[in-house]
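**Student:** After the structure tokens below, expect a handful of questions from me.
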Amino acid sequence: MAIRALFLSASALVALAGSASAQSIAVEGLEAAKAFTPGIEVARGLNAEAWAGTSADRATRLLQEIPAETSHPIVRDMLRRVVLAGLASPSGSDPAFERARIQAAQILATPDEYARFTARNPVAQDPALRVDAYIARGNLDAACEISDAITQGRGESGWVRLRAACHMARGETAAADLAQELLRSRGEEPVLVVPDPPEGFWIEAMELDAAALDRFMTDLASDLDMPAPPASLVGPSPFEISSDTISQTDPAGGTSADIPEDVLDDIEVGVPFSTDTIVSDDVTDVDTDNGAEAGSELTALLTDMSPEATAKLYLLGRDGDARAVSEFVARAEANGLDTARVLSRIPAILDPADMAVANLPLFARYAVVTRDIAMMQALFDATTDELTRERLALASDAMGNGFIGRPLGAGLELALAETAPNASRDVLMALALGADLTEPVEAMLAEAVLPGTVDADWIGIDHAIDRGARAESLLRLAEQVASDDIAINQVANDQIANDKVADSWTIYRTIRRLRDAGFSDTAGQLAAYEYLRGL
């Protein structure tokens, strides 16, 4: 869609008060105020000067080229930290940069976040940008209301294409045909593609606060005679931990952070966790087993896709049924919702053993996204499958800086020696996180046939890092991870061994350069997520 230019002006007002006294007063010159692009609070937001070292033209191009379709949670987190945070504008900032940032925010923000974001960014009120936001969410009616009110630029192709869609939706076939014929005469695409909006149930549910969501689900499920949940299980509470803490030895040979003993009889999945939180026995002794009746009820719900049944799944999950949580999240994912966001809305106290049986990969990846090593340890203790335990241990080490200055460990070296699937990728990620490169490992890597080459994109990445351009570096590296993710998913669909197709050097260099750019936390989080691919 054609976007009309929007010219912004900014002014700085300096108020001076008081009168000069008889004594001499030295007056220092004031630096020119830097342009600032307002944003919203995001987890681990960047320093306000993160665009320093990047020109506005380059920043605009990078924002226009973000991997919009990626579902990789770590990539999306990297992008959100640049796009949604309030940062000083790059050098030479202009309306094109502002528009590119707003359009990127439309892709990355939730509806609530985008509303707050646009309230702080006047440029977002540009009609064309508002239309883009509505179309992206499948709301053609709202886009048409804006189109109806447009008086200037109505002949631009973008507006003509939108009017054709509006006429068609209203049954005004003749007017729609006329608009589309005009576009064809210009040699342009006559049809506006509008995605299907998410189901109304999910839109309404995910926009509610915690208390309202609980009431909404309870009311919706009431027609199906869902019993009220125990009061002790309603509402948010932190990661459930019991008694004293102990120092656990991780499978890779090092000592991990202090993890609570009995690694957690119960785990709260609905709010950010803290491994430092200790709760009283009367909370951890809550019986979260719903019994045979709940199990039978869940079985019946699995084939009922109605909003009422989905609401009941939420209530069962809130009451401690990990299987219900897993099914609820699967339905949300099918409607385009983000897994971590949905899980964060369910204040469920879950048994790690039940989580491991119901859907261990789901909860393990959520632990990575929320950076919760204690949950990872709980899942590790809850499963006996050695391959799964190995993956969880590697992920825990990656998040907890467990590789820095240490040998790879016998497991990784043996896998590399035996040319096990993904062994070279696993080893390269560990080395990128700071593991020691021993002579035997170096010799094995030299003999390994690894796909991939260093392409020109890395020149731009290296120079961005050298300039200290943090925002630019994060955007460029996110693009590399997204491309790698696409390649791996294609490999998985074709049932081909990853080492035969995927570029192991990409993930190595990405993790390494994230650390070089000062994003060690993101490097570890990314490696942890990648280690869990095998689950």
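Letters A, B, ... go to the chains of the structure tokens in the order shown; residues in each chain start at 1; ligands are counted from 1 in the same order.
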Write out as a PyMOL selection string which residues come within 10 Å of Ala482 in chain A when counting only C-alpha atoms, dropping same-chain ones fewer than 6 positions away.

**Tutor:** chain A and resi 66-72+74-76+488

**Student:** Considering only alpha helix (DSSP H) as DSSP defines it on the backbone, what residues of range 88-219 of chain A qualify? List them as a PyMOL selection string.

**Tutor:** chain A and resi 95-108+111-119+127-136+140-149+157-169+173-185+200-206+210-219

**Student:** Find the residues around Glu442 in chain A up to 12 Å (only C-alpha atoms counted), leave out those fewer than 2 positions away in its own chain, and share them as a CSV table (one decimal) with C-alpha atoms, in the first residue's frame.

**Tutor:**
chain,number,residue,atom,x,y,z
A,408,LEU,CA,32.9,-29.5,26.6
A,413,GLU,CA,33.0,-35.0,22.8
A,416,LEU,CA,31.3,-35.5,18.0
A,417,ALA,CA,33.6,-38.5,17.8
A,424,SER,CA,28.8,-30.5,15.4
A,427,VAL,CA,29.7,-28.5,20.0
A,428,LEU,CA,29.9,-25.2,18.0
A,431,LEU,CA,32.3,-23.3,22.0
A,436,ASP,CA,37.4,-24.6,26.0
A,437,LEU,CA,38.6,-25.7,22.6
A,438,THR,CA,40.8,-28.7,23.3
A,439,GLU,CA,43.2,-30.3,20.8
A,440,PRO,CA,41.1,-33.4,20.3
A,444,MET,CA,37.6,-33.6,15.1
A,445,LEU,CA,36.1,-30.3,13.9
A,446,ALA,CA,38.8,-30.0,11.3
A,447,GLU,CA,37.8,-33.4,9.9
A,448,ALA,CA,34.1,-32.8,10.0

**Student:** Any chance you could list, as a count of residues only, the residues in range 26-118 of chain A that come up strand (DSSP E) when DSSP is run on the backbone?

**Tutor:** 4

**Student:** Which polymer residues have any atom within 9 Å of an atom of Arg476 in chain A, counting only C-alpha atoms, with same-chain residues fewer than 3 positions away left out, as number ranges by chain?

**Tutor:** A: 62, 66, 457-458, 460-461, 464, 471-473, 479-480

**Student:** Give me the residues near Ile507 in chain A as JSON, numbers by chain, where near means some atom within 8 Å (using only C-alpha atoms) and where sequence neighbours in that chain fewer than 4 positions away do not count.

**Tutor:** {"A": [425, 428, 429, 481, 484, 503, 511]}
